[in-house]
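What follows is run-v6.txt (compact mmCIF, C-alpha atoms).
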# COMPACT_ATOMS: atom_id res chain seq x y z
CA MET W 413 0.00 0.00 0.00
CA PHE W 414 1.45 3.38 -0.93
CA MET W 415 0.30 5.45 2.00
CA GLN W 416 -0.56 4.70 5.59
CA GLU W 417 -2.74 6.80 7.90
CA LEU W 418 -0.97 8.45 10.83
CA PRO W 419 -2.73 9.61 14.01
CA THR W 420 -1.47 13.16 13.48
CA GLY W 421 -3.66 13.67 10.43
CA THR W 422 -0.90 13.12 7.92
CA THR W 423 -0.23 10.28 5.53
CA THR W 424 3.16 9.22 4.34
CA GLY W 425 4.74 7.03 1.68
CA PRO W 426 8.24 6.19 0.53
CA SER W 427 9.02 9.67 -0.78
CA VAL W 428 6.30 12.13 0.17
CA THR W 429 4.37 13.31 3.22
CA VAL W 430 0.81 14.45 2.64
CA ARG W 431 -1.31 16.49 5.07
CA THR W 432 -4.86 15.21 4.83
CA ARG W 433 -6.69 18.51 5.41
CA PRO W 434 -5.07 20.57 2.63
CA PHE W 435 -5.15 17.46 0.44
CA ALA W 436 -8.94 17.28 0.89
CA GLU W 437 -9.25 21.04 0.35
CA GLY W 438 -7.39 20.75 -2.94
CA ALA W 439 -9.55 17.83 -4.04
CA ARG W 440 -12.67 19.86 -3.19
CA ALA W 441 -11.45 23.10 -4.79
CA ILE W 442 -10.93 21.53 -8.22
CA THR W 443 -14.40 19.93 -8.35
CA PRO W 444 -16.01 22.53 -10.67
CA LEU W 445 -13.15 22.16 -13.14
CA VAL W 446 -13.41 18.39 -12.96
CA LEU W 447 -17.08 18.75 -13.88
CA GLY W 448 -15.99 20.72 -16.93
CA ALA W 449 -13.27 18.27 -17.94
CA VAL W 450 -15.26 15.04 -17.52
CA PRO W 451 -17.44 15.59 -20.61
CA PHE W 452 -14.30 16.32 -22.63
CA GLY W 453 -12.76 13.07 -21.37
CA VAL W 454 -15.90 11.12 -22.26
CA ALA W 455 -15.85 12.73 -25.71
CA ILE W 456 -12.23 11.71 -26.33
CA GLY W 457 -12.94 8.14 -25.27
CA ALA W 458 -16.03 8.03 -27.46
CA ALA W 459 -14.20 9.61 -30.42
CA SER W 460 -11.53 6.92 -30.25
CA ALA W 461 -13.68 4.36 -32.04
CA GLY W 462 -14.77 6.85 -34.71
CA LEU W 463 -11.15 7.78 -35.43
CA GLY W 464 -10.06 4.16 -35.67
CA VAL W 465 -7.72 4.25 -32.66
CA ASP W 466 -7.32 1.10 -30.60
CA ARG W 467 -9.27 1.38 -27.32
CA LEU W 468 -6.48 0.03 -25.16
CA ALA W 469 -4.05 2.55 -26.68
CA THR W 470 -6.49 5.40 -25.96
CA TRP W 471 -6.96 4.23 -22.38
CA ILE W 472 -3.20 3.99 -21.81
CA GLY W 473 -2.85 7.45 -23.35
CA SER W 474 -5.42 8.83 -20.88
CA TRP W 475 -3.25 8.23 -17.80
CA THR W 476 0.23 8.46 -19.32
CA MET W 477 -0.39 11.79 -21.08
CA VAL W 478 -3.17 13.40 -18.96
CA ALA W 479 -3.53 15.92 -21.80
CA GLY W 480 -6.82 15.82 -23.67
CA THR W 481 -6.14 18.34 -26.42
CA ALA W 482 -2.82 16.70 -27.31
CA GLN W 483 -4.39 13.24 -27.22
CA LEU W 484 -7.17 14.36 -29.52
CA THR W 485 -4.61 16.03 -31.80
CA VAL W 486 -2.65 12.77 -32.13
CA MET W 487 -5.81 10.76 -32.85
CA GLN W 488 -7.09 13.27 -35.41
CA LEU W 489 -3.75 13.62 -37.24
CA LEU W 490 -3.13 9.86 -37.42
CA HIS W 491 -6.68 9.38 -38.65
CA ASP W 492 -6.05 12.03 -41.35
CA GLY W 493 -2.97 10.13 -42.52
CA ALA W 494 -0.23 12.22 -40.88
CA ALA W 495 3.13 10.56 -40.17
CA PRO W 496 3.64 9.50 -36.51
CA HIS W 497 6.49 11.99 -35.98
CA VAL W 498 4.27 14.83 -37.24
CA ALA W 499 1.53 13.82 -34.79
CA LEU W 500 4.10 13.64 -31.98
CA LEU W 501 5.52 17.08 -32.78
CA ALA W 502 2.06 18.65 -32.97
CA ALA W 503 1.10 17.13 -29.61
CA LEU W 504 4.27 18.43 -27.97
CA ILE W 505 3.64 21.91 -29.37
CA VAL W 506 0.11 21.80 -27.94
CA ASN W 507 1.59 20.76 -24.59
CA ALA W 508 4.43 23.30 -24.62
CA ARG W 509 2.34 25.56 -22.38
CA PHE W 510 3.05 23.12 -19.54
CA ALA W 511 6.67 24.30 -19.59
CA VAL W 512 5.40 27.80 -18.85
CA TYR W 513 3.09 26.46 -16.13
CA ASN W 514 5.87 24.65 -14.29
CA ALA W 515 7.90 27.84 -14.33
CA GLY W 516 4.89 29.50 -12.69
CA LEU W 517 4.74 26.78 -10.03
CA ALA W 518 8.44 26.91 -9.14
CA PRO W 519 8.29 29.92 -6.75
CA TRP W 520 5.60 28.18 -4.64
CA PHE W 521 7.81 25.12 -4.06
CA ALA W 522 11.15 26.82 -3.46
CA THR W 523 12.47 24.31 -0.89
CA THR W 524 10.85 21.16 -2.32
CA THR W 525 13.30 18.40 -3.25
CA VAL W 526 13.92 17.33 -6.85
CA ARG W 527 12.20 14.01 -6.23
CA ARG W 528 9.04 15.70 -5.00
CA ARG W 529 9.15 18.24 -7.82
CA LEU W 530 9.12 15.35 -10.30
CA LEU W 531 6.03 14.01 -8.53
CA LEU W 532 4.36 17.44 -8.73
CA ALA W 533 5.21 17.78 -12.43
CA ALA W 534 3.54 14.55 -13.57
CA PRO W 535 -0.13 15.67 -13.22
CA LEU W 536 0.44 19.34 -14.20
CA VAL W 537 -2.54 20.34 -16.37
CA ASP W 538 -4.48 23.58 -16.90
CA GLN W 539 -7.07 22.82 -14.23
CA VAL W 540 -4.60 21.77 -11.55
CA TYR W 541 -2.35 24.76 -12.22
CA MET W 542 -5.21 27.25 -12.09
CA THR W 543 -6.81 25.77 -8.98
CA ALA W 544 -3.54 25.56 -7.07
CA THR W 545 -2.09 28.96 -7.94
CA ALA W 546 -5.43 30.71 -7.32
CA ALA W 547 -5.56 29.19 -3.82
CA PHE W 548 -1.89 29.99 -3.15
CA HIS W 549 -2.50 33.63 -4.08
CA GLN W 550 -5.68 33.87 -1.98
CA ARG W 551 -4.39 32.64 1.37
CA PRO W 552 -1.10 31.93 3.07
CA MET W 553 -0.08 28.27 3.34
CA SER W 554 3.10 26.54 4.38
CA GLU W 555 5.01 24.86 1.57
CA ASP W 556 4.01 21.42 2.94
CA ASP W 557 0.36 22.46 2.86
CA ARG W 558 0.71 23.84 -0.65
CA ARG W 559 2.18 20.54 -1.79
CA SER W 560 -0.65 18.57 -0.18
CA PHE W 561 -3.27 20.93 -1.62
CA TYR W 562 -1.76 20.55 -5.09
CA LEU W 563 -1.60 16.75 -4.85
CA GLY W 564 -5.21 16.62 -3.63
CA ALA W 565 -6.38 18.63 -6.62
CA ALA W 566 -4.21 16.61 -9.01
CA THR W 567 -5.35 13.24 -7.66
CA HIS W 568 -9.01 14.15 -7.96
CA PHE W 569 -8.51 15.43 -11.49
CA VAL W 570 -6.48 12.49 -12.80
CA VAL W 571 -8.80 9.84 -11.33
CA ALA W 572 -11.86 11.58 -12.79
CA TRP W 573 -10.11 12.10 -16.13
CA VAL W 574 -9.17 8.44 -16.57
CA ALA W 575 -12.62 7.34 -15.41
CA ALA W 576 -14.28 9.72 -17.91
CA GLN W 577 -12.24 8.40 -20.82
CA SER W 578 -12.98 4.84 -19.73
CA VAL W 579 -16.71 5.61 -19.77
CA GLY W 580 -16.36 7.15 -23.24
CA LEU W 581 -14.48 4.09 -24.50
CA LEU W 582 -17.19 1.79 -23.15
CA ALA W 583 -20.04 3.99 -24.45
CA GLY W 584 -18.70 3.98 -28.00
CA SER W 585 -18.86 6.75 -30.55
CA HIS W 586 -22.42 7.95 -29.97
CA PRO W 587 -22.82 10.11 -26.85
CA PRO W 588 -26.26 11.79 -26.58
CA ALA W 589 -26.43 14.95 -28.70
CA TRP W 590 -28.04 17.10 -25.96
CA LEU W 591 -24.96 16.61 -23.79
CA ASP W 592 -22.82 18.55 -26.25
CA LEU W 593 -19.49 17.52 -24.79
CA HIS W 594 -17.47 20.22 -26.54
CA THR W 595 -19.62 23.00 -25.11
CA ALA W 596 -19.16 21.73 -21.55
CA SER W 597 -15.39 21.97 -21.89
CA VAL W 598 -15.64 25.48 -23.37
CA LEU W 599 -17.83 26.57 -20.44
CA ALA W 600 -15.22 25.28 -18.01
CA LEU W 601 -12.61 27.42 -19.75
CA ALA W 602 -14.88 30.50 -19.72
CA GLY W 603 -15.53 30.08 -16.01
CA LEU W 604 -11.87 29.53 -15.33
CA LEU W 605 -11.02 32.69 -17.24
CA ALA W 606 -13.55 34.68 -15.22
CA THR W 607 -11.85 33.71 -11.95
CA SER W 608 -8.34 34.42 -13.19
CA LEU W 609 -8.74 38.10 -14.12
CA GLY W 610 -7.76 39.59 -10.78
CA THR W 611 -5.45 42.35 -11.99
CA ARG W 612 -5.21 44.83 -14.87
CA GLY W 613 -2.17 43.00 -16.21
CA ALA W 614 -4.07 39.69 -16.20
CA ALA W 615 -6.99 41.23 -18.10
CA ILE W 616 -4.66 42.71 -20.71
CA ALA W 617 -2.73 39.43 -21.03
CA ALA W 618 -6.00 37.53 -21.52
CA ALA W 619 -7.36 39.99 -24.10
CA VAL W 620 -4.14 39.93 -26.14
CA ALA W 621 -3.87 36.14 -25.95
CA ALA W 622 -7.47 35.70 -27.10
CA ALA W 623 -6.97 38.09 -30.03
CA VAL W 624 -3.74 36.40 -31.14
CA ALA W 625 -5.31 32.92 -30.83
CA LEU W 626 -8.17 34.01 -33.10
CA ALA W 627 -5.82 35.67 -35.58
CA GLY W 628 -3.45 32.71 -35.61
CA VAL W 629 -5.98 30.01 -36.32
CA ASP W 630 -4.10 29.01 -39.47
CA LEU W 631 -0.71 28.67 -37.77
CA PRO W 632 0.83 25.25 -38.38
CA ALA W 633 0.55 22.29 -36.00
CA HIS W 634 -1.94 23.94 -33.61
CA SER W 635 0.73 26.35 -32.35
CA ALA W 636 -1.65 29.33 -32.08
CA VAL W 637 -2.35 28.73 -28.37
CA LEU W 638 1.34 28.71 -27.48
CA VAL W 639 2.13 31.83 -29.56
CA ALA W 640 -0.93 33.60 -28.12
CA THR W 641 0.04 32.73 -24.55
CA PHE W 642 3.51 34.22 -25.00
CA ALA W 643 2.08 37.34 -26.66
CA GLY W 644 -0.34 37.81 -23.74
CA ILE W 645 2.42 37.43 -21.14
CA VAL W 646 4.73 39.89 -22.91
CA VAL W 647 2.11 42.61 -23.53
CA GLY W 648 0.33 42.11 -20.18
CA GLY W 649 3.66 42.25 -18.34
CA ARG W 650 4.67 45.51 -20.05
CA ARG W 651 1.31 47.21 -19.54
CA SER W 652 1.10 46.24 -15.86
CA ALA W 653 4.69 47.22 -15.05
CA PRO W 654 4.89 50.20 -12.65
CA MET C 824 0.38 -0.19 -32.53
CA THR C 825 1.37 3.22 -33.92
CA PRO C 826 -1.10 5.29 -31.86
CA LEU C 827 0.13 3.63 -28.67
CA LEU C 828 3.76 4.41 -29.50
CA VAL C 829 2.91 8.03 -30.34
CA PHE C 830 0.91 8.34 -27.09
CA LEU C 831 3.83 6.96 -25.06
CA ALA C 832 6.38 9.19 -26.82
CA THR C 833 4.11 12.19 -26.25
CA ALA C 834 3.75 11.24 -22.58
CA ILE C 835 7.53 11.15 -22.13
CA GLY C 836 8.01 14.44 -23.97
CA THR C 837 5.16 16.07 -22.06
CA PHE C 838 6.60 14.97 -18.72
CA ALA C 839 9.90 16.55 -19.72
CA LEU C 840 8.06 19.78 -20.53
CA ARG C 841 6.18 19.65 -17.23
CA ALA C 842 9.28 19.03 -15.13
CA SER C 843 11.93 21.06 -16.97
CA VAL C 844 11.79 24.42 -15.22
CA LEU C 845 10.41 23.08 -11.94
CA VAL C 846 13.39 20.75 -11.53
CA GLY C 847 15.90 23.09 -13.16
CA LEU C 848 15.16 25.80 -10.61
CA THR C 849 15.63 23.61 -7.54
CA GLY C 850 17.38 25.68 -4.86
CA ARG C 851 17.10 28.91 -6.82
CA THR C 852 14.54 31.73 -6.87
CA LEU C 853 13.29 33.72 -9.83
CA PRO C 854 13.71 37.51 -10.14
CA PRO C 855 10.56 39.42 -8.99
CA ASN C 856 9.78 40.84 -12.46
CA LEU C 857 9.86 37.33 -13.95
CA GLN C 858 7.62 36.06 -11.16
CA ALA C 859 5.16 38.88 -11.96
CA ARG C 860 5.10 37.81 -15.60
CA LEU C 861 4.60 34.17 -14.67
CA ALA C 862 1.45 35.18 -12.78
CA LEU C 863 0.04 36.08 -16.22
CA VAL C 864 0.58 32.60 -17.64
CA GLY C 865 -2.75 31.26 -16.40
CA PRO C 866 -5.02 34.06 -17.69
CA ALA C 867 -3.18 34.22 -21.02
CA ALA C 868 -3.21 30.46 -21.63
CA ILE C 869 -6.83 29.99 -20.61
CA ALA C 870 -7.96 32.95 -22.76
CA ALA C 871 -6.04 31.54 -25.74
CA LEU C 872 -7.53 28.07 -25.27
CA CYS C 873 -11.01 29.55 -24.90
CA ALA C 874 -10.69 31.72 -28.03
CA ALA C 875 -9.24 28.84 -30.03
CA SER C 876 -12.19 26.67 -28.99
CA LEU C 877 -14.79 29.30 -29.90
CA GLY C 878 -13.30 30.92 -32.99
CA PRO C 879 -13.69 29.73 -36.54
CA GLY C 880 -11.28 27.04 -37.73
CA PRO C 881 -10.07 26.01 -41.19
CA ALA C 882 -13.01 23.58 -41.49
CA ARG C 883 -15.34 24.99 -38.84
CA PRO C 884 -17.71 27.99 -38.92
CA ILE C 885 -18.30 30.30 -35.94
CA ALA C 886 -20.45 28.47 -33.37
CA TRP C 887 -22.76 31.21 -32.09
CA PRO C 888 -24.64 29.10 -29.49
CA GLU C 889 -21.32 28.20 -27.87
CA ILE C 890 -20.20 31.84 -27.88
CA VAL C 891 -23.47 32.93 -26.25
CA ALA C 892 -23.11 30.18 -23.65
CA ALA C 893 -19.45 30.99 -22.94
CA VAL C 894 -20.12 34.74 -22.53
CA THR C 895 -23.08 33.98 -20.25
CA ALA C 896 -20.98 31.56 -18.21
CA PHE C 897 -18.14 34.08 -17.97
CA LEU C 898 -20.47 36.81 -16.69
CA ALA C 899 -22.19 34.46 -14.23
CA VAL C 900 -18.90 33.36 -12.71
CA ARG C 901 -17.59 36.95 -12.58
CA ARG C 902 -20.74 37.95 -10.72
CA THR C 903 -20.99 35.01 -8.30
CA GLY C 904 -17.38 33.89 -8.02
CA SER C 905 -18.51 30.26 -8.24
CA LEU C 906 -17.31 28.07 -11.10
CA VAL C 907 -20.33 25.81 -10.84
CA HIS C 908 -22.39 28.65 -12.33
CA ALA C 909 -20.48 28.25 -15.57
CA PHE C 910 -22.52 25.09 -16.14
CA VAL C 911 -25.69 25.94 -14.23
CA VAL C 912 -26.13 29.10 -16.33
CA GLY C 913 -24.04 28.29 -19.40
CA MET C 914 -25.63 25.03 -20.51
CA PRO C 915 -29.23 26.39 -20.46
CA ALA C 916 -27.98 29.45 -22.36
CA PHE C 917 -26.49 27.10 -24.97
CA TRP C 918 -29.70 25.09 -25.27
CA LEU C 919 -31.79 28.29 -25.60
CA ALA C 920 -29.47 29.77 -28.23
CA HIS C 921 -29.62 26.50 -30.11
CA ALA C 922 -33.44 26.37 -29.84
CA PHE C 923 -33.73 29.91 -31.22
CA GLY C 924 -31.71 28.92 -34.25
CA LEU C 925 -28.55 30.91 -33.62

What would the structure in this file look like if it were written as structure tokens?
Amino acid sequence: MFMQELPTGTTTGPSVTVRTRPFAEGARAITPLVLGAVPFGVAIGAASAGLGVDRLATWIGSWTMVAGTAQLTVMQLLHDGAAPHVALLAALIVNARFAVYNAGLAPWFATTTVRRRLLLAAPLVDQVYMTATAAFHQRPMSEDDRRSFYLGAATHFVVAWVAAQSVGLLAGSHPPAWLDLHTASVLALAGLLATSLGTRGAAIAAAVAAAVALAGVDLPAHSAVLVATFAGIVVGGRRSAP
Amino acid sequence: MTPLLVFLATAIGTFALRASVLVGLTGRTLPPNLQARLALVGPAAIAALCAASLGPGPARPIAWPEIVAAVTAFLAVRRTGSLVHAFVVGMPAFWLAHAFGL
């Protein structure tokens, strides 16, 4: 068994100590974003059959990648006849924003060991990053508590994500039309955006990023999101500088 | 077999992306101005993802019901501060926009 319960309210394993209260708080805090991601996960699982991708491969991809947009990109490109290395490159470009996210996480885990940082990096996705950094900004926590909060959010998200894709794989390629799985994921993003605009710089960064993403829709290999994110950070940072 | 290999290669590459800076900065701190810019990563990335999902694509027209739903969800969450309202308000807005033929 990986973890054992301690009477002090902490759990521990071979390489990490987890405080149960912040862990539970993190798991609870990410719930609305999990609700938004689950339909997307079901949709990817369901789309697998339609795109001719082996179900076992899709399921393994769900927990090894934990990256829905990249997974869908790979499936779509392979289905359209793209070479495997092209699909791989496109997926990595889609996921390049995670490199920016982990740079954003670094200041919150200044004294965390390399081993624990590797553990924190594995489930780093949009929802976990946004939930964790929003909570870290809102109230003071010790670094141990921040780590437990983050792992609570990440555990909840990854378990729900894999379960959602599994349901989609079992349901096949015909989810009910009224569910509109794509819309649910867009609503999650819109809600997430609404909670993230706390400063003038953030609002400017978001506006610029959205405009560049729309203008760059024809950029190769789905790189518009990455280019737009950098443009937003650069312009938002300049405009908010004192 | 090919999709599985591409998934696994993507997983390895993605983990490297996720861990690169986090591990590379162990024991060091970032300059304050860089930290201020990193605080903009979330809003910028989420806005870009949202716009890319809603905007027209090479083979996709503008989806007005989704735009109406997303704007409604955005306003509801801004007003209430609760992310659950993105779905509670946004999905009915989508269904209504769809029903009215947008």

When distances are computed from all atoms listed in the file, which of W:Ala575, W:Ala640, W:Leu601, W:Ala533 shows the smallest separation from C:Leu845?
W:Ala533

Please list as a PDB file with C-alpha atoms, keeping the file's coordinate frame every residue within 12 Å of W:Asp556, counting all atoms listed in the file and excluding residues in the same chain fewer than 4 positions away.
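Output contents, as saved in result33.pdb:
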ATOM      1  CA  THR W 422      -0.900  13.120   7.920  1.00  0.00           C
ATOM      2  CA  VAL W 428       6.300  12.130   0.170  1.00  0.00           C
ATOM      3  CA  THR W 429       4.370  13.310   3.220  1.00  0.00           C
ATOM      4  CA  VAL W 430       0.810  14.450   2.640  1.00  0.00           C
ATOM      5  CA  ARG W 431      -1.310  16.490   5.070  1.00  0.00           C
ATOM      6  CA  THR W 432      -4.860  15.210   4.830  1.00  0.00           C
ATOM      7  CA  ARG W 433      -6.690  18.510   5.410  1.00  0.00           C
ATOM      8  CA  PRO W 434      -5.070  20.570   2.630  1.00  0.00           C
ATOM      9  CA  PHE W 435      -5.150  17.460   0.440  1.00  0.00           C
ATOM     10  CA  TRP W 520       5.600  28.180  -4.640  1.00  0.00           C
ATOM     11  CA  PHE W 521       7.810  25.120  -4.060  1.00  0.00           C
ATOM     12  CA  ALA W 522      11.150  26.820  -3.460  1.00  0.00           C
ATOM     13  CA  THR W 523      12.470  24.310  -0.890  1.00  0.00           C
ATOM     14  CA  THR W 524      10.850  21.160  -2.320  1.00  0.00           C
ATOM     15  CA  THR W 525      13.300  18.400  -3.250  1.00  0.00           C
ATOM     16  CA  ARG W 528       9.040  15.700  -5.000  1.00  0.00           C
ATOM     17  CA  PRO W 552      -1.100  31.930   3.070  1.00  0.00           C
ATOM     18  CA  SER W 560      -0.650  18.570  -0.180  1.00  0.00           C
ATOM     19  CA  PHE W 561      -3.270  20.930  -1.620  1.00  0.00           C
ATOM     20  CA  TYR W 562      -1.760  20.550  -5.090  1.00  0.00           C
ATOM     21  CA  LEU W 563      -1.600  16.750  -4.850  1.00  0.00           C
TER      22      LEU W 563
END

So that I can check the surroundings of W:Val540, please list as a VMD selection string every protein, DNA and RNA residue that reaches within 9 Å of it, counting all atoms listed in the file and ignoring chain neighbours fewer than 5 positions away.
chain W and resid 442 445 535 545 562 to 563 565 to 566 569

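With distances restricted to only C-alpha atoms, W:Gly473 is the closest residue to chain C from W:Gly473, W:Gly480, W:Gly493, W:Gly628.
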
Using only C-alpha atoms, I'd like a table of the residues in chain W that come within 7 Å of chain C; for each, show the closest atom pair and its distance in Å rounded to one decimal, ordered by chain and ascending number, as CSV.
residue,atom,partner,partner_atom,distance
W:Pro444,CA,C:Val907,CA,5.4
W:Val465,CA,C:Pro826,CA,6.7
W:Ala469,CA,C:Leu827,CA,4.8
W:Gly473,CA,C:Phe830,CA,5.4
W:Thr476,CA,C:Ala834,CA,5.5
W:Met477,CA,C:Ala834,CA,4.4
W:Pro496,CA,C:Val829,CA,6.4
W:Leu500,CA,C:Thr833,CA,5.9
W:Ala503,CA,C:Thr833,CA,6.7
W:Leu504,CA,C:Thr837,CA,6.4
W:Asn507,CA,C:Thr837,CA,6.4
W:Ala508,CA,C:Leu840,CA,6.5
W:Phe510,CA,C:Arg841,CA,5.2
W:Ala511,CA,C:Leu840,CA,4.8
W:Val512,CA,C:Val864,CA,6.9
W:Tyr513,CA,C:Val864,CA,6.8
W:Asn514,CA,C:Leu845,CA,5.3
W:Ala515,CA,C:Val844,CA,5.3
W:Gly516,CA,C:Leu861,CA,5.1
W:Ala518,CA,C:Leu845,CA,5.1
W:Pro519,CA,C:Thr852,CA,6.5
W:Ala522,CA,C:Gly850,CA,6.5
W:Thr523,CA,C:Gly850,CA,6.5
W:Val526,CA,C:Val846,CA,5.8
W:Arg529,CA,C:Val846,CA,6.2
W:Leu530,CA,C:Ala842,CA,6.1
W:Ala533,CA,C:Ala842,CA,5.0
W:Ala534,CA,C:Phe838,CA,6.0
W:Leu536,CA,C:Arg841,CA,6.5
W:Met542,CA,C:Gly865,CA,6.4
W:Thr595,CA,C:Glu889,CA,6.1
W:Val598,CA,C:Cys873,CA,6.4
W:Leu599,CA,C:Ala893,CA,5.3
W:Ala600,CA,C:Ala909,CA,6.5
W:Leu601,CA,C:Cys873,CA,5.8
W:Ala602,CA,C:Phe897,CA,5.1
W:Gly603,CA,C:Phe897,CA,5.2
W:Leu605,CA,C:Ile869,CA,6.0
W:Ala606,CA,C:Arg901,CA,5.3
W:Thr607,CA,C:Arg901,CA,6.6
W:Ser608,CA,C:Pro866,CA,5.6
W:Leu609,CA,C:Pro866,CA,6.6
W:Ala614,CA,C:Leu863,CA,5.5
W:Ala617,CA,C:Ala867,CA,5.2
W:Ala618,CA,C:Ala867,CA,4.4
W:Ala621,CA,C:Ala871,CA,5.1
W:Ala622,CA,C:Ala871,CA,4.6
W:Ala625,CA,C:Ala871,CA,5.3
W:Leu626,CA,C:Gly878,CA,6.0
W:Val629,CA,C:Gly880,CA,6.2
W:Asp630,CA,C:Pro881,CA,6.9
W:Val637,CA,C:Ala871,CA,5.3
W:Ala640,CA,C:Ala871,CA,6.0
W:Thr641,CA,C:Ala868,CA,4.9
W:Gly644,CA,C:Ala867,CA,5.3
W:Ile645,CA,C:Leu863,CA,5.6
W:Gly649,CA,C:Arg860,CA,5.4

For C-alpha atoms, I'd like the residues from the last selection saved as a PDB file, in the frame of the given file.
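New file selection.pdb:
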ATOM      1  CA  PRO W 444     -16.010  22.530 -10.670  1.00  0.00           C
ATOM      2  CA  VAL W 465      -7.720   4.250 -32.660  1.00  0.00           C
ATOM      3  CA  ALA W 469      -4.050   2.550 -26.680  1.00  0.00           C
ATOM      4  CA  GLY W 473      -2.850   7.450 -23.350  1.00  0.00           C
ATOM      5  CA  THR W 476       0.230   8.460 -19.320  1.00  0.00           C
ATOM      6  CA  MET W 477      -0.390  11.790 -21.080  1.00  0.00           C
ATOM      7  CA  PRO W 496       3.640   9.500 -36.510  1.00  0.00           C
ATOM      8  CA  LEU W 500       4.100  13.640 -31.980  1.00  0.00           C
ATOM      9  CA  ALA W 503       1.100  17.130 -29.610  1.00  0.00           C
ATOM     10  CA  LEU W 504       4.270  18.430 -27.970  1.00  0.00           C
ATOM     11  CA  ASN W 507       1.590  20.760 -24.590  1.00  0.00           C
ATOM     12  CA  ALA W 508       4.430  23.300 -24.620  1.00  0.00           C
ATOM     13  CA  PHE W 510       3.050  23.120 -19.540  1.00  0.00           C
ATOM     14  CA  ALA W 511       6.670  24.300 -19.590  1.00  0.00           C
ATOM     15  CA  VAL W 512       5.400  27.800 -18.850  1.00  0.00           C
ATOM     16  CA  TYR W 513       3.090  26.460 -16.130  1.00  0.00           C
ATOM     17  CA  ASN W 514       5.870  24.650 -14.290  1.00  0.00           C
ATOM     18  CA  ALA W 515       7.900  27.840 -14.330  1.00  0.00           C
ATOM     19  CA  GLY W 516       4.890  29.500 -12.690  1.00  0.00           C
ATOM     20  CA  ALA W 518       8.440  26.910  -9.140  1.00  0.00           C
ATOM     21  CA  PRO W 519       8.290  29.920  -6.750  1.00  0.00           C
ATOM     22  CA  ALA W 522      11.150  26.820  -3.460  1.00  0.00           C
ATOM     23  CA  THR W 523      12.470  24.310  -0.890  1.00  0.00           C
ATOM     24  CA  VAL W 526      13.920  17.330  -6.850  1.00  0.00           C
ATOM     25  CA  ARG W 529       9.150  18.240  -7.820  1.00  0.00           C
ATOM     26  CA  LEU W 530       9.120  15.350 -10.300  1.00  0.00           C
ATOM     27  CA  ALA W 533       5.210  17.780 -12.430  1.00  0.00           C
ATOM     28  CA  ALA W 534       3.540  14.550 -13.570  1.00  0.00           C
ATOM     29  CA  LEU W 536       0.440  19.340 -14.200  1.00  0.00           C
ATOM     30  CA  MET W 542      -5.210  27.250 -12.090  1.00  0.00           C
ATOM     31  CA  THR W 595     -19.620  23.000 -25.110  1.00  0.00           C
ATOM     32  CA  VAL W 598     -15.640  25.480 -23.370  1.00  0.00           C
ATOM     33  CA  LEU W 599     -17.830  26.570 -20.440  1.00  0.00           C
ATOM     34  CA  ALA W 600     -15.220  25.280 -18.010  1.00  0.00           C
ATOM     35  CA  LEU W 601     -12.610  27.420 -19.750  1.00  0.00           C
ATOM     36  CA  ALA W 602     -14.880  30.500 -19.720  1.00  0.00           C
ATOM     37  CA  GLY W 603     -15.530  30.080 -16.010  1.00  0.00           C
ATOM     38  CA  LEU W 605     -11.020  32.690 -17.240  1.00  0.00           C
ATOM     39  CA  ALA W 606     -13.550  34.680 -15.220  1.00  0.00           C
ATOM     40  CA  THR W 607     -11.850  33.710 -11.950  1.00  0.00           C
ATOM     41  CA  SER W 608      -8.340  34.420 -13.190  1.00  0.00           C
ATOM     42  CA  LEU W 609      -8.740  38.100 -14.120  1.00  0.00           C
ATOM     43  CA  ALA W 614      -4.070  39.690 -16.200  1.00  0.00           C
ATOM     44  CA  ALA W 617      -2.730  39.430 -21.030  1.00  0.00           C
ATOM     45  CA  ALA W 618      -6.000  37.530 -21.520  1.00  0.00           C
ATOM     46  CA  ALA W 621      -3.870  36.140 -25.950  1.00  0.00           C
ATOM     47  CA  ALA W 622      -7.470  35.700 -27.100  1.00  0.00           C
ATOM     48  CA  ALA W 625      -5.310  32.920 -30.830  1.00  0.00           C
ATOM     49  CA  LEU W 626      -8.170  34.010 -33.100  1.00  0.00           C
ATOM     50  CA  VAL W 629      -5.980  30.010 -36.320  1.00  0.00           C
ATOM     51  CA  ASP W 630      -4.100  29.010 -39.470  1.00  0.00           C
ATOM     52  CA  VAL W 637      -2.350  28.730 -28.370  1.00  0.00           C
ATOM     53  CA  ALA W 640      -0.930  33.600 -28.120  1.00  0.00           C
ATOM     54  CA  THR W 641       0.040  32.730 -24.550  1.00  0.00           C
ATOM     55  CA  GLY W 644      -0.340  37.810 -23.740  1.00  0.00           C
ATOM     56  CA  ILE W 645       2.420  37.430 -21.140  1.00  0.00           C
ATOM     57  CA  GLY W 649       3.660  42.250 -18.340  1.00  0.00           C
TER      58      GLY W 649
END

Let me make sure I understand: among W:Trp471, W:Val647, W:Ala547, W:Pro451, which one has the smallest atom-to-atom distance to W:Gln483 if we use all atoms listed in the file?
W:Trp471

A straight line from atom CA of W:Tyr541 to atom CA of W:Val646 spans 19.8 Å

For the atom pair atom CA of W:Gln550 and atom CA of W:Gly613, what is the interatomic distance in Å to one decimal place?
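Interatomic distance, atom CA of W:Gln550 to atom CA of W:Gly613: 17.3 Å.
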
Pick from W:Leu631, W:Ala436, W:Ala572, W:Ala441 nearest to W:Ala546, counting only C-alpha atoms:
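For W:Ala546, the nearest of the given residues is W:Ala441.
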
Enter the distance from atom CA of W:Val570 to atom CA of W:Leu447, in Å, rounded to one decimal.
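If I compute the distance from atom CA of W:Val570 to atom CA of W:Leu447, I get 12.4 Å.
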
Skipping near chain neighbours, those fewer than 2 positions away, what residues fall within 12 Å of W:Leu582 using all atoms listed in the file, listed as a list in words?
Val454, Ala455, Ile456, Gly457, Ala458, Ala459, Ser460, Ala461, Arg467, Leu468, Thr470, Trp471, Ala575, Ala576, Gln577, Ser578, Val579, Gly580, Gly584, Ser585, His586 and Pro587 of chain W
